[in-house]
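Asker: Before we start, here is the structure in question, set down as structure tokens.
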Protein chains: 2
Amino acid sequence: MKIGLLGYGTVGKGVAKIIDQKNTEDVAKLEIAKILAHTEAGLTDGRMTLDINNILNDESINVIVECIGGDEPAFTYVKKALEKGKHVVTSNKKMLAIHGQELFALAHKTNLALKYEASVGGGIPWLDSLDRTRRVDHIHHFRGIFNGTTNYILSKMSDEDKDFDEALKEAQMYGYAESDPSDDVDGYDTAYKVALSMVKGFDVIPDISSIITYGIGNISAKDIAYAKVHDRECKLIGTGIRQSQFVSGYVIPTFVRKCSLFATIPANFNAIESNSENLGSMTFVGQGAGSLPTAHAVVQNVIDIYRQQDLEIFEKSNVPVANQESFAQFYIRSKNIKLLMDNVDEVIDDHACISKKMSYAELDILVKMLADDQLFVAEMADDCQ
Amino acid sequence: MKIGLLGYGTVGKGVAKIIDQKNTEDVAKLEIAKILAHTEAGLTDGRMTLDINNILNDESINVIVECIGGDEPAFTYVKKALEKGKHVVTSNKKMLAIHGQELFALAHKTNLALKYEASVGGGIPWLDSLDRTRRVDHIHHFRGIFNGTTNYILSKMSDEDKDFDEALKEAQMYGYAESDPSDDVDGYDTAYKVALSMVKGFDVIPDISSIITYGIGNISAKDIAYAKVHDRECKLIGTGIRQSQFVSGYVIPTFVRKCSLFATIPANFNAIESNSENLGSMTFVGQGAGSLPTAHAVVQNVIDIYRQQDLEIFEKSNVPVANQESFAQFYIRSKNIKLLMDNVDEVIDDHACISKKMSYAELDILVKMLADDQLFVAEMADDCQ
């Protein structure tokens, strides 16, 4: 089966390497026919071209593998590929989370595969496991550490008493954080992954702006110290819950108890848990990024297409994301904490408190009311598993 | 697709419940036509029979689901089912690990599926993930906490300073241990699971007696105390390694470091890690047993057969299990410790030491030489992941 590979960065190079190696019988059936490079200097291989049309108009190519990343031009290329009758495999969570409603509808209409295992959890077979679980079971909720960059920063702050800037610099030095880390640090990367997990788990394509998203950009040594004194670790957790009429989706720093599995997840690892009716709780732990693990997931999807496995695309609905039915207590630090009035359960000091139990929807209203761009908020999670 | 269900205990009842519920489109395509009960009193359902031939001779039945457990009569029934052209799904690790060479050869000859996801890790999609990983990658090794009963006992001994008998009684009270717990406690249950993971991961059907197996039956509060003082936890770990000409396979109590993921695995949970060339390390954590999780895995296998997914059976080889190429240091407690002579690296006291680094094959020779039925041995594992 002939593949057109778009993008030759970290993931694209890994995909080419694995397919060119032909390590297994399945992989030996695949062939990268053309590669879209970005610059003249990037034309290092006879299969490379700078013109997307050389790839899209090549009728011998059945599958487009998109590893460019970012919104445009990836979105336009993927859309054109589907319009031209080509299956698509993408590792691009941002593009797919933003344009999911349009692209999944297009794939459904044209009866083509649009697969995206590598976009969540790198090499962890997370989305595939949701597919598989759903053959037998209903998934109630999922939650996890979806972002290795922030987990690395939080681990360094907690274990080695580094401050945020120092930990971020170290993450950048080791290649765990990008030069512009805002998508990771502000929680959007996690929100994209929560959105795509909802597509797989609940058949819902959420509007990405409806997922409540708090990041760790404002976290301070004081916040980490509070967590540690209370036998907790701070982790950035993304959650999706299927409820009666709605789904809930949110991303929030969470003070998890030391006895929990999430508390032990080291450095740049991911850990993602699903919870379903008969199967119960299941957690996957692995490196959520990296060239070869992510490329492995891409190649798995190409083999799924080759084997015509799970090609049927469930009809997706646009059930709204609401967050009225999920409740927790929250650690809130803000210079305007006094405005919280009777929403406070426990005063920590003049600038920090533990809130009463409230819904995420209520929290979001309160946070907006506080209007503090230095505010830090974290869920107090009570379970030990 | 019509199913003949053999056995109506914990797992069998779960299978019937999930299939009768028809919760998903896939499950709705399955039907339990007949159920083999054990006693007259067990004939609680119109589909039940006491005569295996009523099921094996029913030509409308395509798949036999075997949940009887134990060696016989399960082995004879499964063999007859394959001879009669029926696919088989089993949750029976002991039967399959002992008779694997004969049964896999028979399934291969008759071109029938012999699937056993539920036999390892309960609801954890462990064997399926090995299958999937191998489409793209080579698996180097795997290791894990495969047995919830012993993990429960070890957790109670470590966390609550209970002694072995007390912890075992509690495990029996909660249904985590059977009235005869020897297969769990002595490590054989883990050895069966290591053997079946080797079949999936390495295409090798090992002779079960060649897997070096040490259990926790002799563990004492003193051993646990030694681990704790050295910032470690004791876990019963099963390992399989693909090496140059051999494979290694062993089961041994292991003093893992507190910083490792395995150290945090609570109560009756399982955690199993695979390590492959491109994908790297991947760990699955979940409840390794229980009626519905295990039944979920059985039903997944029936759907695999219905969907004709991954039906091809890799040719299996009988590569010998040798243990000369895997090295570690060991904690050894024995009244005969002095016989170890210059194999000792560090003396703990008159009856316990840390050995020099040696292969598992060498360890096994030393342990036999010590001839102490109260001996306890544990690997000192040094990694933190």
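FYI, nothing fancy with the structure tokens labels: chains A, B, ... in order, residues from 1 per chain, ligands from 1 as they appear.
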Only residues of chain B matter here; which ones have an atom within 9 Å of chain A, counting only C-alpha atoms? Give them as number ranges by chain.
Answerer: B: 18-19, 22-27, 123-125, 129, 132-138, 259-261, 264-266, 273, 277-287, 291-297, 299-300, 303, 307, 309, 385
Asker: Could you write out that same residue set with C-alpha atoms as a PDB file, in the first residue's frame?
Answerer:
ATOM      1  CA  ILE B  18     -22.244  -9.792  29.263  1.00  0.00           C
ATOM      2  CA  ILE B  19     -23.473 -11.707  26.207  1.00  0.00           C
ATOM      3  CA  LYS B  22     -26.389  -7.339  24.397  1.00  0.00           C
ATOM      4  CA  ASN B  23     -25.010  -3.924  25.346  1.00  0.00           C
ATOM      5  CA  THR B  24     -23.279  -3.266  22.021  1.00  0.00           C
ATOM      6  CA  GLU B  25     -23.805  -4.056  18.344  1.00  0.00           C
ATOM      7  CA  ASP B  26     -20.934  -6.535  18.381  1.00  0.00           C
ATOM      8  CA  VAL B  27     -22.175  -8.383  21.435  1.00  0.00           C
ATOM      9  CA  GLY B 123      -9.413  -7.608  31.813  1.00  0.00           C
ATOM     10  CA  ILE B 124      -6.079  -5.997  30.943  1.00  0.00           C
ATOM     11  CA  PRO B 125      -5.740  -6.250  27.142  1.00  0.00           C
ATOM     12  CA  SER B 129      -1.402  -5.574  22.919  1.00  0.00           C
ATOM     13  CA  ARG B 132      -0.756  -5.557  18.017  1.00  0.00           C
ATOM     14  CA  THR B 133       2.744  -4.387  18.930  1.00  0.00           C
ATOM     15  CA  ARG B 134       4.264  -7.249  16.943  1.00  0.00           C
ATOM     16  CA  ARG B 135       2.615  -6.063  13.749  1.00  0.00           C
ATOM     17  CA  VAL B 136       5.218  -3.268  13.775  1.00  0.00           C
ATOM     18  CA  ASP B 137       7.852  -4.040  16.357  1.00  0.00           C
ATOM     19  CA  HIS B 138      10.049  -6.653  18.031  1.00  0.00           C
ATOM     20  CA  CYS B 259      10.580   5.003  43.251  1.00  0.00           C
ATOM     21  CA  SER B 260       9.462   2.365  40.725  1.00  0.00           C
ATOM     22  CA  LEU B 261       5.967   2.062  39.331  1.00  0.00           C
ATOM     23  CA  THR B 264       3.012   1.513  43.973  1.00  0.00           C
ATOM     24  CA  ILE B 265       0.728  -1.214  42.612  1.00  0.00           C
ATOM     25  CA  PRO B 266      -1.910  -1.670  45.285  1.00  0.00           C
ATOM     26  CA  GLU B 273       5.248  -3.995  31.220  1.00  0.00           C
ATOM     27  CA  GLU B 277      12.448  -1.886  19.944  1.00  0.00           C
ATOM     28  CA  ASN B 278      10.679   1.226  18.668  1.00  0.00           C
ATOM     29  CA  LEU B 279       7.842   1.567  21.130  1.00  0.00           C
ATOM     30  CA  GLY B 280       9.958   1.379  24.264  1.00  0.00           C
ATOM     31  CA  SER B 281       8.368   0.654  27.615  1.00  0.00           C
ATOM     32  CA  MET B 282       4.618   0.364  28.047  1.00  0.00           C
ATOM     33  CA  THR B 283       2.849  -0.625  31.270  1.00  0.00           C
ATOM     34  CA  PHE B 284      -0.726  -1.752  31.783  1.00  0.00           C
ATOM     35  CA  VAL B 285      -2.281  -1.467  35.222  1.00  0.00           C
ATOM     36  CA  GLY B 286      -5.658  -2.927  36.140  1.00  0.00           C
ATOM     37  CA  GLN B 287      -7.510  -5.511  38.128  1.00  0.00           C
ATOM     38  CA  SER B 291     -15.802 -12.006  37.073  1.00  0.00           C
ATOM     39  CA  LEU B 292     -16.729  -9.180  34.685  1.00  0.00           C
ATOM     40  CA  PRO B 293     -13.247  -7.922  33.720  1.00  0.00           C
ATOM     41  CA  THR B 294     -12.142 -11.468  32.903  1.00  0.00           C
ATOM     42  CA  ALA B 295     -15.405 -12.192  31.100  1.00  0.00           C
ATOM     43  CA  HIS B 296     -14.933  -8.950  29.121  1.00  0.00           C
ATOM     44  CA  ALA B 297     -11.635 -10.320  27.798  1.00  0.00           C
ATOM     45  CA  VAL B 299     -16.035 -11.831  24.932  1.00  0.00           C
ATOM     46  CA  GLN B 300     -13.436  -9.670  23.137  1.00  0.00           C
ATOM     47  CA  ILE B 303     -15.695 -10.925  18.740  1.00  0.00           C
ATOM     48  CA  ARG B 307     -14.788 -10.365  12.909  1.00  0.00           C
ATOM     49  CA  GLN B 309      -9.410 -10.516  13.047  1.00  0.00           C
ATOM     50  CA  GLN B 385      11.098   2.965  36.288  1.00  0.00           C
TER      51      GLN B 385
END
Asker: I want to know what sits within 10 Å of B:Gln245, based on only C-alpha atoms, with residues of the same chain fewer than 6 positions away left out; could you give that as a list in words?
Answerer: Val319, Pro320, Val321 and Ala322 of chain B
Asker: With only C-alpha atoms as the counted atoms, please give the residues lying no more than 7 Å from B:Glu66, apart from itself and same-chain residues fewer than 2 positions off, as JSON, numbers by chain.
Answerer: {"B": [5, 6, 7, 64, 68, 89, 90, 91]}
Asker: Could you turn the residues from that selection into a file that holds N, CA and C atoms, as a PDB file, in the first residue's frame?
Answerer:
ATOM      1  N   LEU B   5     -20.763 -22.691  25.982  1.00  0.00           N
ATOM      2  CA  LEU B   5     -20.028 -22.208  27.156  1.00  0.00           C
ATOM      3  C   LEU B   5     -19.782 -23.367  28.115  1.00  0.00           C
ATOM      4  N   LEU B   6     -18.515 -23.654  28.368  1.00  0.00           N
ATOM      5  CA  LEU B   6     -18.173 -24.729  29.300  1.00  0.00           C
ATOM      6  C   LEU B   6     -17.781 -24.116  30.639  1.00  0.00           C
ATOM      7  N   GLY B   7     -18.533 -24.420  31.673  1.00  0.00           N
ATOM      8  CA  GLY B   7     -18.226 -23.899  32.999  1.00  0.00           C
ATOM      9  C   GLY B   7     -19.092 -22.704  33.323  1.00  0.00           C
ATOM     10  N   ILE B  64     -16.325 -22.616  21.095  1.00  0.00           N
ATOM     11  CA  ILE B  64     -16.404 -23.129  22.464  1.00  0.00           C
ATOM     12  C   ILE B  64     -15.664 -22.149  23.377  1.00  0.00           C
ATOM     13  N   ILE B  68     -13.872 -23.589  32.579  1.00  0.00           N
ATOM     14  CA  ILE B  68     -13.942 -24.569  33.676  1.00  0.00           C
ATOM     15  C   ILE B  68     -12.775 -24.346  34.626  1.00  0.00           C
ATOM     16  N   VAL B  89     -12.075 -20.339  22.739  1.00  0.00           N
ATOM     17  CA  VAL B  89     -11.618 -19.235  23.583  1.00  0.00           C
ATOM     18  C   VAL B  89     -11.550 -19.788  24.997  1.00  0.00           C
ATOM     19  N   THR B  90     -10.402 -19.586  25.651  1.00  0.00           N
ATOM     20  CA  THR B  90     -10.281 -20.114  27.011  1.00  0.00           C
ATOM     21  C   THR B  90      -9.709 -19.065  27.955  1.00  0.00           C
ATOM     22  N   SER B  91     -10.124 -19.163  29.204  1.00  0.00           N
ATOM     23  CA  SER B  91      -9.563 -18.306  30.248  1.00  0.00           C
ATOM     24  C   SER B  91      -8.635 -19.126  31.144  1.00  0.00           C
TER      25      SER B  91
END
Asker: To one decimal place in Å, what is the distance between atom CA of A:Ser155 and atom CA of A:Ala167?
Answerer: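 We find that atom CA of A:Ser155 and atom CA of A:Ala167 lie 8.8 Å from each other.
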Asker: Got a sec: who's within 8 Å of stretch 98-110 of chain A, counting only C-alpha atoms, leaving out chain neighbours fewer than 5 positions off, as a list in words?
Answerer: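 Skipping anything fewer than 5 positions along the chain leaves Asp71, Phe75, Lys79, Leu82, Glu83, Gly85, Tyr192, Ile205, Asp207, Ile208, Ile313, Glu315 and Lys316 of chain A.
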Asker: Neighbouring residues of A:Tyr306 were defined as those with any atom within 10 Å, considering only C-alpha atoms; residues of the same chain fewer than 6 positions away were excluded. Please report them as an MDAnalysis selection string.
Answerer: chainID A and resid 1 26 29:30 62:63 300
Asker: Keeping only N, CA and C atoms, write the selected residues to a file as a PDB file, in the first residue's frame.
Answerer:
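Final file, part.pdb:
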ATOM      1  N   MET A   1       0.844  -1.192   0.000  1.00  0.00           N
ATOM      2  CA  MET A   1       0.000   0.000   0.000  1.00  0.00           C
ATOM      3  C   MET A   1       0.882   1.246   0.000  1.00  0.00           C
ATOM      4  N   ASP A  26       3.782  -7.286   8.224  1.00  0.00           N
ATOM      5  CA  ASP A  26       2.800  -6.227   7.980  1.00  0.00           C
ATOM      6  C   ASP A  26       3.467  -4.969   7.449  1.00  0.00           C
ATOM      7  N   LYS A  29       4.499  -4.664   3.809  1.00  0.00           N
ATOM      8  CA  LYS A  29       3.465  -4.425   2.789  1.00  0.00           C
ATOM      9  C   LYS A  29       3.255  -2.941   2.525  1.00  0.00           C
ATOM     10  N   LEU A  30       3.899  -2.093   3.302  1.00  0.00           N
ATOM     11  CA  LEU A  30       3.719  -0.642   3.168  1.00  0.00           C
ATOM     12  C   LEU A  30       4.907  -0.041   2.420  1.00  0.00           C
ATOM     13  N   ASN A  62      -2.732   5.593  -1.632  1.00  0.00           N
ATOM     14  CA  ASN A  62      -4.012   5.309  -0.976  1.00  0.00           C
ATOM     15  C   ASN A  62      -4.182   6.028   0.345  1.00  0.00           C
ATOM     16  N   VAL A  63      -3.070   6.283   0.993  1.00  0.00           N
ATOM     17  CA  VAL A  63      -3.127   6.795   2.360  1.00  0.00           C
ATOM     18  C   VAL A  63      -2.213   8.006   2.503  1.00  0.00           C
ATOM     19  N   GLN A 300       0.801   1.724  13.066  1.00  0.00           N
ATOM     20  CA  GLN A 300      -0.299   0.830  13.457  1.00  0.00           C
ATOM     21  C   GLN A 300      -1.586   1.226  12.735  1.00  0.00           C
TER      22      GLN A 300
END
Asker: Can you list, as a ChimeraX atom specification, every protein, DNA or RNA residue that comes within 8 Å of A:Lys193 when you count only C-alpha atoms, leaving out same-chain residues fewer than 2 positions away?
Answerer: /A:93,97,119-120,146,189-191,195-197
Asker: Would you mind exporting the chosen residues as a PDB file, in the first residue's frame, restricted to N, CA, C and O atoms?
Answerer:
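Contents of the output file again_20.pdb:
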ATOM      1  N   LYS A  93      -2.924  16.493  16.879  1.00  0.00           N
ATOM      2  CA  LYS A  93      -4.064  16.667  17.782  1.00  0.00           C
ATOM      3  C   LYS A  93      -4.699  18.040  17.672  1.00  0.00           C
ATOM      4  O   LYS A  93      -5.907  18.197  17.741  1.00  0.00           O
ATOM      5  N   ALA A  97      -8.496  18.404  16.693  1.00  0.00           N
ATOM      6  CA  ALA A  97      -9.405  18.847  17.758  1.00  0.00           C
ATOM      7  C   ALA A  97     -10.153  20.108  17.326  1.00  0.00           C
ATOM      8  O   ALA A  97     -11.328  20.289  17.638  1.00  0.00           O
ATOM      9  N   SER A 119      -2.083  10.839  17.997  1.00  0.00           N
ATOM     10  CA  SER A 119      -2.324  12.209  18.469  1.00  0.00           C
ATOM     11  C   SER A 119      -2.521  12.275  19.977  1.00  0.00           C
ATOM     12  O   SER A 119      -2.426  13.338  20.573  1.00  0.00           O
ATOM     13  N   VAL A 120      -2.804  11.153  20.597  1.00  0.00           N
ATOM     14  CA  VAL A 120      -3.002  11.123  22.054  1.00  0.00           C
ATOM     15  C   VAL A 120      -2.110  10.044  22.660  1.00  0.00           C
ATOM     16  O   VAL A 120      -2.178   8.884  22.249  1.00  0.00           O
ATOM     17  N   PHE A 146      -1.857  13.569  30.367  1.00  0.00           N
ATOM     18  CA  PHE A 146      -1.765  13.452  28.904  1.00  0.00           C
ATOM     19  C   PHE A 146      -0.561  14.210  28.347  1.00  0.00           C
ATOM     20  O   PHE A 146      -0.313  14.166  27.157  1.00  0.00           O
ATOM     21  N   ASP A 189      -2.806  21.659  25.025  1.00  0.00           N
ATOM     22  CA  ASP A 189      -2.413  20.358  24.473  1.00  0.00           C
ATOM     23  C   ASP A 189      -3.233  19.242  25.126  1.00  0.00           C
ATOM     24  O   ASP A 189      -3.731  18.340  24.447  1.00  0.00           O
ATOM     25  N   THR A 190      -3.386  19.316  26.444  1.00  0.00           N
ATOM     26  CA  THR A 190      -4.199  18.316  27.148  1.00  0.00           C
ATOM     27  C   THR A 190      -5.662  18.404  26.723  1.00  0.00           C
ATOM     28  O   THR A 190      -6.329  17.384  26.524  1.00  0.00           O
ATOM     29  N   ALA A 191      -6.157  19.636  26.542  1.00  0.00           N
ATOM     30  CA  ALA A 191      -7.564  19.803  26.131  1.00  0.00           C
ATOM     31  C   ALA A 191      -7.811  19.181  24.756  1.00  0.00           C
ATOM     32  O   ALA A 191      -8.851  18.539  24.533  1.00  0.00           O
ATOM     33  N   ALA A 195     -10.437  16.170  24.067  1.00  0.00           N
ATOM     34  CA  ALA A 195     -11.468  16.266  23.021  1.00  0.00           C
ATOM     35  C   ALA A 195     -11.431  15.034  22.115  1.00  0.00           C
ATOM     36  O   ALA A 195     -12.472  14.431  21.821  1.00  0.00           O
ATOM     37  N   LEU A 196     -10.227  14.629  21.689  1.00  0.00           N
ATOM     38  CA  LEU A 196     -10.126  13.489  20.768  1.00  0.00           C
ATOM     39  C   LEU A 196     -10.451  12.169  21.467  1.00  0.00           C
ATOM     40  O   LEU A 196     -10.980  11.246  20.852  1.00  0.00           O
ATOM     41  N   SER A 197     -10.173  12.082  22.761  1.00  0.00           N
ATOM     42  CA  SER A 197     -10.557  10.884  23.511  1.00  0.00           C
ATOM     43  C   SER A 197     -12.075  10.808  23.640  1.00  0.00           C
ATOM     44  O   SER A 197     -12.651   9.710  23.676  1.00  0.00           O
TER      45      SER A 197
END
Asker: What lies within 12 Å of A:Glu59 using only C-alpha atoms, ignoring chain neighbours under 5 positions off, as a list in words?
Answerer: Met1, Lys2, Ile3, Gly4, Ala33, Lys34, Asn53, Asn54, Ile64, Ala81, Lys84, Gly85 and Lys86 of chain A
Asker: Tell me which of A:Leu154, A:Ala328, A:Met173, A:Leu340 sits closest to A:Ser359, counting only C-alpha atoms.
Answerer: A:Ala328
Asker: Check the DSSP output for the backbone and give back, as a PyMOL selection string, the residues of stretch 78-242 of chain A in alpha helix (DSSP H).
Answerer: chain A and resi 78-83+93-110+126-134+148-160+164-173+182-185+188-202+221-229
Asker: In Å, how far is it from atom CA of B:Ile211 to atom CA of B:Ile145?
Answerer: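 Between atom CA of B:Ile211 and atom CA of B:Ile145 the gap works out to 16.0 Å.
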Asker: Please identify the strand (DSSP E) residues within stretch 6-112 of chain A (assignment by DSSP from backbone atoms) and present them as a list of chain:residue names.
Answerer: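 The strand (DSSP E) residues within stretch 6-112 of chain A come out as A:Leu6, A:Glu31, A:Ile32, A:Ala33, A:Lys34, A:Ile35, A:Leu36, A:Met48, A:Thr49, A:Val63, A:Ile64, A:Val65, A:Glu66, A:His87, A:Val88, A:Val89, A:Thr90.
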Asker: State, in Å with one decimal place, the distance from atom CA of A:Arg143 to atom CA of B:Gly201.
Answerer: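 Atom-to-atom, atom CA of A:Arg143 to atom CA of B:Gly201, that is 29.1 Å.
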